[in-house]
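Visitor: mmCIF, C-alpha atoms, saved as data_10.cif, coming up:
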data_coords
loop_
_atom_site.label_atom_id
_atom_site.label_comp_id
_atom_site.auth_asym_id
_atom_site.auth_seq_id
_atom_site.Cartn_x
_atom_site.Cartn_y
_atom_site.Cartn_z
CA MET O 1 -15.08 4.07 38.97
CA MET O 2 -14.46 1.99 35.88
CA HIS O 3 -15.15 3.97 32.76
CA ARG O 4 -17.79 2.49 30.48
CA ILE O 5 -16.01 2.89 27.17
CA PRO O 6 -13.07 0.52 27.85
CA ASP O 7 -15.71 -1.94 28.96
CA LEU O 8 -17.57 -1.52 25.65
CA ILE O 9 -14.30 -2.02 23.78
CA SER O 10 -13.37 -5.23 25.57
CA ARG O 11 -16.91 -6.62 25.37
CA SER O 12 -16.72 -6.29 21.58
CA GLY O 13 -13.85 -8.78 21.56
CA VAL O 14 -11.13 -6.20 21.02
CA GLU O 15 -7.98 -7.16 22.89
CA PHE O 16 -5.47 -4.65 21.52
CA VAL O 17 -5.78 -0.87 21.26
CA VAL O 18 -3.11 0.62 19.00
CA SER O 19 -2.64 4.36 19.32
CA VAL O 20 -0.49 7.25 18.27
CA PRO O 21 -1.89 9.49 20.96
CA CYS O 22 -4.29 12.32 20.24
CA ARG O 23 -4.59 14.86 23.04
CA GLU O 24 -8.36 14.69 22.76
CA PHE O 25 -8.28 10.99 23.64
CA ALA O 26 -5.95 11.39 26.63
CA TRP O 27 -8.83 10.70 29.06
CA LEU O 28 -9.72 7.55 27.15
CA LEU O 29 -6.14 6.26 26.89
CA GLU O 30 -5.76 6.73 30.62
CA ASN O 31 -8.86 4.61 31.23
CA ILE O 32 -7.78 1.98 28.71
CA GLU O 33 -4.47 1.64 30.54
CA LEU O 34 -6.42 0.89 33.70
CA SER O 35 -8.33 -1.89 31.98
CA GLU O 36 -7.03 -5.36 32.71
CA LYS O 37 -8.69 -6.73 29.57
CA LEU O 38 -7.08 -4.40 27.01
CA ASN O 39 -3.49 -4.23 25.80
CA LEU O 40 -2.36 -0.76 24.75
CA ILE O 41 0.41 -0.41 22.17
CA PHE O 42 1.97 2.91 21.18
CA PRO O 43 3.72 2.69 17.78
CA GLN O 44 5.89 5.59 16.69
CA ARG O 45 3.99 6.37 13.49
CA GLU O 46 0.43 5.93 12.29
CA ASP O 47 1.25 3.77 9.26
CA GLU O 48 3.36 1.55 11.45
CA GLY O 49 0.41 1.25 13.83
CA ILE O 50 -2.03 0.29 11.09
CA ALA O 51 0.41 -2.35 9.82
CA LEU O 52 0.72 -3.71 13.34
CA MET O 53 -3.08 -3.82 13.64
CA LEU O 54 -3.25 -5.68 10.32
CA GLY O 55 -0.80 -8.31 11.57
CA LEU O 56 -2.77 -8.76 14.78
CA GLU O 57 -6.05 -9.08 12.89
CA MET O 58 -4.49 -11.62 10.52
CA SER O 59 -3.54 -13.71 13.53
CA GLY O 60 -7.14 -13.61 14.70
CA ARG O 61 -6.90 -10.91 17.38
CA LYS O 62 -9.28 -7.96 17.31
CA THR O 63 -7.89 -4.45 17.44
CA LEU O 64 -9.05 -0.85 17.76
CA GLY O 65 -6.97 1.95 16.26
CA LEU O 66 -7.08 5.19 18.21
CA PHE O 67 -5.50 8.04 16.29
CA GLN O 68 -5.85 11.65 15.31
CA ASP O 69 -7.25 12.20 11.82
CA THR O 70 -3.78 13.39 10.79
CA LEU O 71 -3.21 9.66 10.30
CA LEU O 72 -4.87 10.04 6.95
CA GLY O 73 -2.00 12.19 5.72
CA ASN O 74 0.76 9.66 6.17
CA SER O 75 -0.97 6.31 6.00
CA GLN O 76 -2.35 6.20 2.48
CA ASN O 77 0.12 3.50 1.43
CA ILE O 78 -0.85 1.00 4.09
CA LEU O 79 -4.55 1.91 3.80
CA SER O 80 -4.29 1.11 0.09
CA VAL O 81 -2.94 -2.34 0.97
CA ILE O 82 -5.90 -2.88 3.28
CA ALA O 83 -8.40 -1.67 0.69
CA THR O 84 -7.03 -3.78 -2.15
CA SER O 85 -5.50 -6.89 -0.65
CA THR O 86 -7.56 -8.08 2.28
CA ASP O 87 -11.15 -8.29 3.47
CA ILE O 88 -10.29 -8.24 7.15
CA SER O 89 -12.66 -6.07 9.18
CA MET O 90 -11.09 -3.32 11.28
CA ARG O 91 -12.07 -0.53 13.69
CA PHE O 92 -10.67 2.98 13.91
CA TRP O 93 -11.56 5.97 16.06
CA LEU O 94 -10.09 9.20 14.77
CA GLY O 95 -10.04 12.47 16.67
CA SER O 96 -10.78 15.48 14.47
CA ARG O 97 -9.82 18.93 15.75
CA ASN O 98 -11.35 20.76 12.83
CA GLY O 99 -14.01 22.24 15.06
CA GLU O 100 -11.55 24.01 17.34
CA TYR O 101 -11.26 27.79 17.54
CA LEU O 102 -14.52 28.45 15.70
CA GLN O 103 -13.34 26.39 12.71
CA GLN O 104 -10.15 28.45 12.49
CA ASN O 105 -7.71 25.62 13.16
CA LEU O 106 -6.60 25.74 9.55
CA VAL O 107 -4.27 22.75 9.48
CA HIS O 108 -6.99 20.51 10.82
CA LYS O 109 -9.58 22.09 8.57
CA TYR O 110 -7.35 21.21 5.61
CA ILE O 111 -7.20 17.59 6.74
CA THR O 112 -10.98 17.41 7.04
CA ASP O 113 -11.67 19.14 3.75
CA ARG O 114 -8.91 17.77 1.54
CA ILE O 115 -7.54 14.54 2.99
CA GLU O 116 -10.54 12.95 4.70
CA PRO O 117 -12.25 12.40 1.32
CA SER O 118 -9.39 10.00 0.50
CA LEU O 119 -11.26 7.46 2.62
CA SER O 120 -13.74 7.06 -0.21
CA ASP O 121 -13.57 3.31 -0.61
CA LYS O 122 -16.53 0.98 -0.53
CA SER O 123 -14.92 -0.99 2.28
CA PHE O 124 -14.43 2.10 4.47
CA LEU O 125 -17.52 3.09 6.46
CA ILE O 126 -17.26 6.59 7.88
CA SER O 127 -19.44 7.72 10.79
CA ASN O 128 -19.34 11.00 12.69
CA PHE O 129 -19.56 11.49 16.41
CA GLU O 130 -19.94 15.01 17.79
CA HIS O 131 -17.84 15.25 20.92
CA SER O 132 -17.45 18.15 23.32
CA LYS O 133 -13.86 18.74 24.34
CA GLY O 134 -13.01 16.99 27.59
CA LYS O 135 -16.35 15.26 27.92
CA GLU O 136 -15.97 11.83 29.49
CA GLN O 137 -19.51 10.83 30.35
CA PHE O 138 -21.99 9.87 27.67
CA GLU O 139 -25.72 9.46 27.22
CA ASP O 140 -27.05 6.05 26.29
CA HIS O 141 -27.72 7.01 22.68
CA GLU O 142 -24.12 8.24 22.39
CA LEU O 143 -22.75 5.04 23.85
CA GLU O 144 -24.90 3.13 21.39
CA LYS O 145 -23.27 4.93 18.47
CA ILE O 146 -19.78 4.42 19.88
CA ASN O 147 -20.52 0.76 20.50
CA LYS O 148 -21.86 0.22 16.99
CA SER O 149 -18.55 1.28 15.50
CA LEU O 150 -16.86 -1.63 17.27
CA TYR O 151 -18.79 -4.18 15.24
CA PRO O 152 -17.80 -3.78 11.59
CA SER O 153 -19.58 -5.90 9.03
CA PRO O 154 -17.48 -8.54 7.23
CA GLY O 155 -14.95 -6.88 4.95
CA ILE O 156 -15.70 -3.40 6.29
CA ARG O 157 -13.40 -0.97 8.11
CA ASN O 158 -15.36 1.24 10.47
CA PHE O 159 -13.99 4.74 10.97
CA LEU O 160 -15.72 6.67 13.75
CA ILE O 161 -14.58 10.28 13.52
CA TRP O 162 -14.84 12.07 16.84
CA ARG O 163 -15.47 15.66 15.84
CA ILE O 164 -14.19 17.68 18.75
CA THR O 165 -15.88 20.99 19.45
CA MET R 166 27.81 -12.09 -1.49
CA ILE R 167 24.72 -14.25 -1.60
CA CYS R 168 22.57 -14.86 -4.65
CA PRO R 169 18.97 -13.77 -3.82
CA ASP R 170 17.48 -16.89 -5.42
CA GLN R 171 19.65 -19.08 -3.18
CA LEU R 172 18.49 -17.07 -0.18
CA MET R 173 14.86 -17.66 -1.19
CA GLN R 174 15.48 -21.40 -1.50
CA ILE R 175 16.78 -21.45 2.06
CA ILE R 176 13.72 -19.54 3.24
CA LYS R 177 11.41 -21.85 1.30
CA ASN R 178 12.61 -24.79 3.36
CA THR R 179 12.14 -23.17 6.75
CA THR R 180 9.27 -23.97 9.07
CA TYR R 181 8.14 -20.49 10.10
CA HIS R 182 4.39 -20.19 10.51
CA LYS R 183 4.33 -17.26 8.08
CA THR R 184 6.94 -15.25 6.21
CA VAL R 185 6.19 -11.65 5.24
CA PHE R 186 8.10 -10.40 2.20
CA GLY R 187 8.91 -6.77 1.46
CA VAL R 188 7.65 -4.58 -1.35
CA GLY R 189 9.10 -5.00 -4.83
CA TYR R 190 11.65 -7.55 -5.89
CA ILE R 191 11.77 -9.25 -2.50
CA SER R 192 8.16 -10.38 -2.76
CA ARG R 193 8.55 -11.12 -6.45
CA LEU R 194 11.68 -13.22 -5.86
CA ALA R 195 9.79 -15.21 -3.24
CA TYR R 196 7.01 -15.84 -5.74
CA GLN R 197 9.55 -16.75 -8.43
CA ASN R 198 11.00 -19.34 -6.07
CA ASP R 199 7.59 -20.88 -5.36
CA ILE R 200 7.24 -19.59 -1.83
CA LEU R 201 3.48 -19.32 -1.85
CA PRO R 202 0.56 -18.59 0.52
CA PRO R 203 -0.26 -19.65 3.16
CA GLN R 204 3.48 -19.64 3.96
CA ALA R 205 4.03 -16.34 2.16
CA ILE R 206 2.54 -12.90 2.62
CA TYR R 207 3.56 -10.56 -0.18
CA MET R 208 3.63 -6.79 0.18
CA THR R 209 2.85 -4.78 -2.93
CA GLY R 210 2.34 -1.48 -1.11
CA GLY R 211 3.06 -0.10 2.32
CA TRP R 212 6.80 0.22 1.85
CA GLY R 213 8.53 -0.10 5.20
CA CYS R 214 5.58 -1.79 6.90
CA VAL R 215 6.72 -5.42 6.62
CA SER R 216 8.27 -5.57 10.06
CA SER R 217 5.26 -3.87 11.65
CA ILE R 218 2.85 -6.42 10.18
CA SER R 219 5.17 -9.20 11.31
CA MET R 220 5.25 -7.75 14.82
CA GLY R 221 1.45 -7.80 14.88
CA LEU R 222 1.41 -11.42 13.77
CA ALA R 223 4.00 -12.35 16.38
CA ILE R 224 2.13 -10.63 19.20
CA GLY R 225 -1.12 -12.23 18.10
CA GLN R 226 0.17 -15.80 17.99
CA GLU R 227 2.92 -16.15 20.56
CA SER R 228 3.09 -19.92 20.11
CA GLN R 229 4.17 -19.52 16.48
CA ARG R 230 7.40 -18.16 15.02
CA TYR R 231 7.40 -15.66 12.16
CA LEU R 232 9.92 -14.41 9.62
CA ALA R 233 10.06 -11.02 7.89
CA VAL R 234 12.25 -10.44 4.84
CA ASP R 235 12.83 -6.84 3.88
CA GLY R 236 15.34 -4.69 2.06
CA ASP R 237 17.94 -2.28 3.37
CA GLY R 238 16.18 0.68 1.74
CA SER R 239 12.88 -0.36 3.27
CA LEU R 240 14.51 -0.68 6.69
CA PHE R 241 15.66 2.92 6.52
CA HIS R 242 12.20 4.01 5.35
CA ASN R 243 10.66 2.92 8.65
CA LEU R 244 13.38 2.73 11.29
CA SER R 245 10.84 3.82 13.87
CA PHE R 246 9.45 0.29 14.09
CA LEU R 247 12.61 -0.61 16.00
CA VAL R 248 11.59 1.78 18.76
CA THR R 249 8.17 0.12 18.90
CA LEU R 250 9.85 -3.30 18.92
CA LYS R 251 11.93 -2.21 21.91
CA SER R 252 8.74 -1.22 23.75
CA LEU R 253 7.22 -4.66 23.34
CA ASP R 254 8.14 -8.13 24.51
CA ILE R 255 8.41 -10.09 21.26
CA ASN R 256 10.52 -13.23 21.14
CA ASN R 257 9.03 -15.17 18.24
CA LEU R 258 10.17 -13.13 15.25
CA ASP R 259 13.21 -13.25 12.98
CA ILE R 260 13.92 -10.46 10.51
CA ILE R 261 16.16 -10.79 7.48
CA ILE R 262 17.45 -7.53 6.02
CA VAL R 263 18.57 -8.11 2.45
CA LYS R 264 21.52 -5.75 2.09
CA ASN R 265 22.40 -5.01 -1.50
CA GLY R 266 23.21 -1.37 -0.95
CA CYS R 267 20.65 -0.01 -3.36
CA TYR R 268 16.98 0.58 -4.11
CA GLU R 269 16.91 -2.31 -6.54
CA SER R 270 13.21 -2.37 -7.41
CA THR R 271 13.27 1.26 -8.50
CA GLY R 272 16.30 1.01 -10.73
CA GLY R 273 19.26 0.28 -8.47
CA GLN R 274 19.88 3.73 -7.02
CA GLN R 275 22.70 3.56 -4.50
CA ILE R 276 21.95 3.97 -0.78
CA LYS R 277 24.66 6.54 -0.25
CA ALA R 278 24.73 6.30 3.53
CA LEU R 279 25.76 2.66 3.25
CA ALA R 280 28.33 3.50 0.58
CA ASN R 281 29.68 6.11 2.96
CA GLY R 282 30.19 3.53 5.66
CA LEU R 283 26.96 3.47 7.66
CA SER R 284 26.66 0.06 9.32
CA ILE R 285 23.20 -1.54 9.51
CA GLN R 286 24.41 -3.55 12.49
CA ASP R 287 25.40 -0.36 14.29
CA VAL R 288 22.03 1.21 13.49
CA LEU R 289 20.18 -1.82 14.81
CA ASN R 290 22.35 -2.04 17.92
CA GLY R 291 21.93 1.68 18.49
CA LEU R 292 18.16 1.31 18.44
CA GLY R 293 18.19 -1.43 21.01
CA VAL R 294 18.43 -4.63 18.96
CA GLU R 295 20.80 -7.06 20.63
CA GLN R 296 20.70 -10.07 18.31
CA VAL R 297 22.16 -9.03 14.96
CA LYS R 298 24.16 -11.31 12.69
CA GLU R 299 25.97 -10.28 9.52
CA VAL R 300 25.57 -13.05 6.92
CA ARG R 301 28.03 -13.18 4.04
CA HIS R 302 27.75 -16.92 3.33
CA LEU R 303 24.57 -18.98 3.36
CA ASP R 304 26.12 -21.39 5.84
CA ASP R 305 26.01 -18.58 8.38
CA LEU R 306 22.26 -18.12 8.02
CA ASP R 307 21.19 -20.32 10.89
CA ILE R 308 17.51 -19.46 10.84
CA ASN R 309 15.30 -21.97 12.57
CA LYS R 310 12.20 -22.14 14.71
CA ASN R 311 13.79 -22.70 18.05
CA ALA R 312 15.27 -19.35 18.98
CA GLU R 313 13.96 -17.67 22.11
CA THR R 314 14.39 -14.06 21.11
CA THR R 315 13.87 -11.73 18.17
CA ARG R 316 16.85 -11.92 15.84
CA PHE R 317 18.05 -9.87 12.90
CA PHE R 318 20.11 -11.23 10.02
CA VAL R 319 21.79 -8.75 7.69
CA VAL R 320 22.28 -10.77 4.52
CA HIS R 321 24.86 -9.37 2.10
CA SER R 322 23.19 -9.99 -1.22
CA LYS R 323 23.84 -9.64 -4.91
CA MET R 324 21.23 -7.98 -7.09
CA ALA R 325 18.74 -10.16 -8.95
CA THR R 326 20.00 -11.47 -12.27
CA SER R 327 16.72 -10.67 -14.01
CA ILE R 328 13.47 -8.88 -13.27
CA PRO R 329 11.32 -11.29 -11.27
CA PRO R 330 7.70 -11.83 -12.32
CA ARG R 331 4.73 -9.88 -11.00
CA ILE R 332 2.54 -11.60 -8.44
CA PRO R 333 -1.12 -12.32 -9.29
CA GLN R 334 -3.47 -10.24 -7.13
CA THR R 335 -5.31 -13.40 -6.06
CA LEU R 336 -2.15 -14.72 -4.41
CA ILE R 337 -1.50 -11.40 -2.70
CA ALA R 338 -5.03 -11.43 -1.26
CA GLU R 339 -4.65 -15.07 -0.24
CA GLY R 340 -1.63 -14.16 1.85
CA PHE R 341 -3.58 -11.46 3.67
CA SER R 342 -6.38 -13.71 4.88
CA ASN R 343 -6.60 -14.23 8.60
CA GLU R 344 -5.96 -17.40 10.57
CA ASN R 345 -9.66 -18.18 10.58
CA GLY R 346 -9.86 -17.95 6.83
#
Once you've parsed the file, please lay out its structure as structure tokens.
Guide:
Amino acid sequence: MMHRIPDLISRSGVEFVVSVPCREFAWLLENIELSEKLNLIFPQREDEGIALMLGLEMSGRKTLGLFQDTLLGNSQNILSVIATSTDISMRFWLGSRNGEYLQQNLVHKYITDRIEPSLSDKSFLISNFEHSKGKEQFEDHELEKINKSLYPSPGIRNFLIWRIT
Amino acid sequence: MICPDQLMQIIKNTTYHKTVFGVGYISRLAYQNDILPPQAIYMTGGWGCVSSISMGLAIGQESQRYLAVDGDGSLFHNLSFLVTLKSLDINNLDIIIVKNGCYESTGGQQIKALANGLSIQDVLNGLGVEQVKEVRHLDDLDINKNAETTRFFVVHSKMATSIPPRIPQTLIAEGFSNENG
């Protein structure tokens, strides 16, 4: 059965999904690979992936970035270029593992507490999505929230943070 | 050894759809030589990301040909893009690596690996790039629109004779607009 989320992604006009894989999105990546309407690119590093997305967007092709929130630690340079030099709209889904092990995954807690605030730019719109580990089926109101993140306003970069518990 | 201003004059007269210039003096030399948007995209941050942006452009508009111009230090900062390049089927991109053996924009610190004999061509070949040309004279820089593969040119360059001017932010932003404006 075709999964609904790749369908939502392609219906939004996104043609390219760029991902440095996050284990929590493995189920989604597998379904995206099955989609005939989406092209999946795996760069080696997160900053490289964001730069690639920027190039695609500049050529008029819509992209979705699918990363772990650890991206925020090594992509500040290229995110600063996006924040200061262009008004191109972009879409990112970030997996956050802060909620694992009763909030005792300390590395990921550090990222959430100390690095995530670096996204404080007026052109970065952060939304949270509570996600149970391994869950692949979604209620309509959940799909609505996921879908909304695929339609950034002009000049806005939507970051939907999937908070894994 | 090639004068960087002469290199920029050659690039200015090419017919690439877009040329993405690397962080620091490379972008500033392009600006100094009147290579302007929409032809030019200047990087003022994101060191090492020039080739990745260019790859995105090339994938997005396969009917157009793109040029990236980056430094040797920047190449080493993000060698991983070559692995990504190998995983994709991109044939409409040329990449010039300006080899001056140093981090010129930050004061001219020597790239010691190159001084110790590391070959950029060997690095590129080792990471799967087949089309690499060492360019020591401008006559050897046969960049044009009609190639059918991704090509690398390692241009042996002198350092700039003076500090090139800063680029106005409005021009930087103009370069980063999308094809639809």
Visitor: Could you tell me which residues the PyMOL selection byres ((chain R and resi 319) around 10) grabs in this file, written as a VMD selection string?
Guide: chain R and resid 235 to 237 260 to 265 285 to 286 297 to 301 306 317 to 318 320 to 322
Visitor: Pull the closest atom pair for each residue of region 25-87 of chain O that gets at most 9 Å from region 199-221 of chain R, along with the distance in Å to one decimal, counting all atoms listed in the file, ordering rows by chain and then ascending residue number, as a Markdown table.
Guide:
| residue | atom | partner | partner_atom | distance |
| --- | --- | --- | --- | --- |
| O:Asp47 | CA | R:Cys214 | CA | 7.4 |
| O:Glu48 | CA | R:Ser217 | CA | 5.7 |
| O:Gly49 | CA | R:Ser217 | CA | 7.4 |
| O:Ile50 | CA | R:Ile218 | CA | 8.3 |
| O:Ala51 | CA | R:Ile218 | CA | 4.8 |
| O:Leu52 | CA | R:Gly221 | CA | 4.4 |
| O:Met53 | CA | R:Gly221 | CA | 6.2 |
| O:Leu54 | CA | R:Ile218 | CA | 6.1 |
| O:Gly55 | CA | R:Gly221 | CA | 4.0 |
| O:Leu56 | CA | R:Gly221 | CA | 4.3 |
| O:Glu57 | CA | R:Gly221 | CA | 7.9 |
| O:Met58 | CA | R:Gly221 | CA | 8.3 |
| O:Ser59 | CA | R:Gly221 | CA | 7.9 |
| O:Ser75 | CA | R:Gly211 | CA | 8.4 |
| O:Gln76 | CA | R:Gly211 | CA | 8.3 |
| O:Asn77 | CA | R:Gly211 | CA | 4.7 |
| O:Ile78 | CA | R:Gly211 | CA | 4.4 |
| O:Leu79 | CA | R:Gly211 | CA | 8.0 |
| O:Ser80 | CA | R:Gly210 | CA | 7.2 |
| O:Val81 | CA | R:Gly210 | CA | 5.7 |
| O:Ser85 | CA | R:Thr209 | CA | 8.9 |
Visitor: Against chain O, which residues of chain R fall within 12 Å? For each one I want the closest pair of atoms and the distance in Å (one decimal), counting all atoms listed in the file, rows by chain and increasing residue number, as a Markdown table.
Guide:
| residue | atom | partner | partner_atom | distance |
| --- | --- | --- | --- | --- |
| R:His182 | CA | O:Ser59 | CA | 10.7 |
| R:Lys183 | CA | O:Ser59 | CA | 10.2 |
| R:Thr184 | CA | O:Gly55 | CA | 11.7 |
| R:Val185 | CA | O:Gly55 | CA | 10.0 |
| R:Val188 | CA | O:Val81 | CA | 11.1 |
| R:Pro203 | CA | O:Met58 | CA | 11.7 |
| R:Ile206 | CA | O:Ser85 | CA | 10.6 |
| R:Tyr207 | CA | O:Ser85 | CA | 9.8 |
| R:Met208 | CA | O:Val81 | CA | 8.0 |
| R:Thr209 | CA | O:Val81 | CA | 7.4 |
| R:Gly210 | CA | O:Val81 | CA | 5.7 |
| R:Gly211 | CA | O:Ile78 | CA | 4.4 |
| R:Trp212 | CA | O:Asn77 | CA | 7.5 |
| R:Gly213 | CA | O:Glu48 | CA | 8.3 |
| R:Cys214 | CA | O:Ala51 | CA | 6.0 |
| R:Val215 | CA | O:Ala51 | CA | 7.7 |
| R:Ser216 | CA | O:Leu52 | CA | 8.4 |
| R:Ser217 | CA | O:Leu52 | CA | 4.8 |
| R:Ile218 | CA | O:Gly55 | CA | 4.3 |
| R:Ser219 | CA | O:Gly55 | CA | 6.0 |
| R:Met220 | CA | O:Leu52 | CA | 6.2 |
| R:Gly221 | CA | O:Gly55 | CA | 4.0 |
| R:Leu222 | CA | O:Gly55 | CA | 4.4 |
| R:Ala223 | CA | O:Leu56 | CA | 7.8 |
| R:Ile224 | CA | O:Leu56 | CA | 6.9 |
| R:Gly225 | CA | O:Leu56 | CA | 5.1 |
| R:Gln226 | CA | O:Ser59 | CA | 6.2 |
| R:Glu227 | CA | O:Ser59 | CA | 9.9 |
| R:Ser228 | CA | O:Ser59 | CA | 11.2 |
| R:Gln229 | CA | O:Ser59 | CA | 10.1 |
| R:Arg230 | CA | O:Ser59 | CA | 11.9 |
| R:Tyr231 | CA | O:Gly55 | CA | 11.0 |
| R:Ala233 | CA | O:Gly55 | CA | 11.8 |
| R:His242 | CA | O:Glu48 | CA | 11.0 |
| R:Asn243 | CA | O:Glu48 | CA | 7.9 |
| R:Leu244 | CA | O:Gln44 | CA | 9.7 |
| R:Ser245 | CA | O:Gln44 | CA | 6.0 |
| R:Phe246 | CA | O:Glu48 | CA | 6.8 |
| R:Leu247 | CA | O:Gln44 | CA | 9.2 |
| R:Val248 | CA | O:Gln44 | CA | 7.2 |
| R:Thr249 | CA | O:Pro43 | CA | 5.3 |
| R:Leu250 | CA | O:Pro43 | CA | 8.6 |
| R:Lys251 | CA | O:Pro43 | CA | 10.4 |
| R:Ser252 | CA | O:Phe42 | CA | 8.3 |
| R:Leu253 | CA | O:Ile41 | CA | 8.1 |
| R:Asp254 | CA | O:Ile41 | CA | 11.2 |
| R:Pro333 | CA | O:Ser85 | CA | 11.1 |
| R:Gln334 | CA | O:Ser85 | CA | 7.6 |
| R:Thr335 | CA | O:Ser85 | CA | 8.5 |
| R:Leu336 | CA | O:Ser85 | CA | 9.3 |
| R:Ile337 | CA | O:Ser85 | CA | 6.4 |
| R:Ala338 | CA | O:Ser85 | CA | 4.6 |
| R:Glu339 | CA | O:Thr86 | CA | 8.0 |
| R:Gly340 | CA | O:Thr86 | CA | 8.5 |
| R:Phe341 | CA | O:Thr86 | CA | 5.4 |
| R:Ser342 | CA | O:Met58 | CA | 6.3 |
| R:Asn343 | CA | O:Met58 | CA | 3.9 |
| R:Glu344 | CA | O:Ser59 | CA | 5.3 |
| R:Asn345 | CA | O:Gly60 | CA | 6.6 |
| R:Gly346 | CA | O:Met58 | CA | 9.1 |
Visitor: Would you mind listing what lies within 8 Å of region 168-179 of chain R as an mmCIF file with C-alpha atoms, keeping the file's coordinate frame, with only C-alpha atoms counted and same-chain residues fewer than 2 positions away left out?
Guide:
data_model
loop_
_atom_site.group_PDB
_atom_site.id
_atom_site.type_symbol
_atom_site.label_atom_id
_atom_site.label_comp_id
_atom_site.auth_asym_id
_atom_site.auth_seq_id
_atom_site.Cartn_x
_atom_site.Cartn_y
_atom_site.Cartn_z
ATOM 1 C CA MET R 166 27.810 -12.090 -1.490
ATOM 2 C CA TYR R 181 8.140 -20.490 10.100
ATOM 3 C CA LEU R 194 11.680 -13.220 -5.860
ATOM 4 C CA ALA R 195 9.790 -15.210 -3.240
ATOM 5 C CA ASN R 198 11.000 -19.340 -6.070
ATOM 6 C CA ASP R 199 7.590 -20.880 -5.360
ATOM 7 C CA ILE R 200 7.240 -19.590 -1.830
ATOM 8 C CA LEU R 303 24.570 -18.980 3.360
ATOM 9 C CA ILE R 308 17.510 -19.460 10.840
ATOM 10 C CA ASN R 309 15.300 -21.970 12.570
ATOM 11 C CA SER R 322 23.190 -9.990 -1.220
ATOM 12 C CA LYS R 323 23.840 -9.640 -4.910
ATOM 13 C CA MET R 324 21.230 -7.980 -7.090
ATOM 14 C CA ALA R 325 18.740 -10.160 -8.950
#
Visitor: Please measure the separation of CA of Gly272 (chain R) and CA of Leu289 (chain R), giving the value in Å to one decimal.
Guide: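 According to the coordinates, CA of Gly272 (chain R) and CA of Leu289 (chain R) are separated by 26.0 Å.
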Visitor: When you draw a straight line from CA of Glu46 (chain O) to CA of Phe186 (chain R), how long is it in Å?
Guide: 20.7 Å
Visitor: Could you tell me how far CA of Met90 (chain O) sits from CA of Asp121 (chain O), in Å to one decimal place?
Guide: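 According to the coordinates, CA of Asp121 (chain O) and CA of Met90 (chain O) are separated by 13.8 Å.
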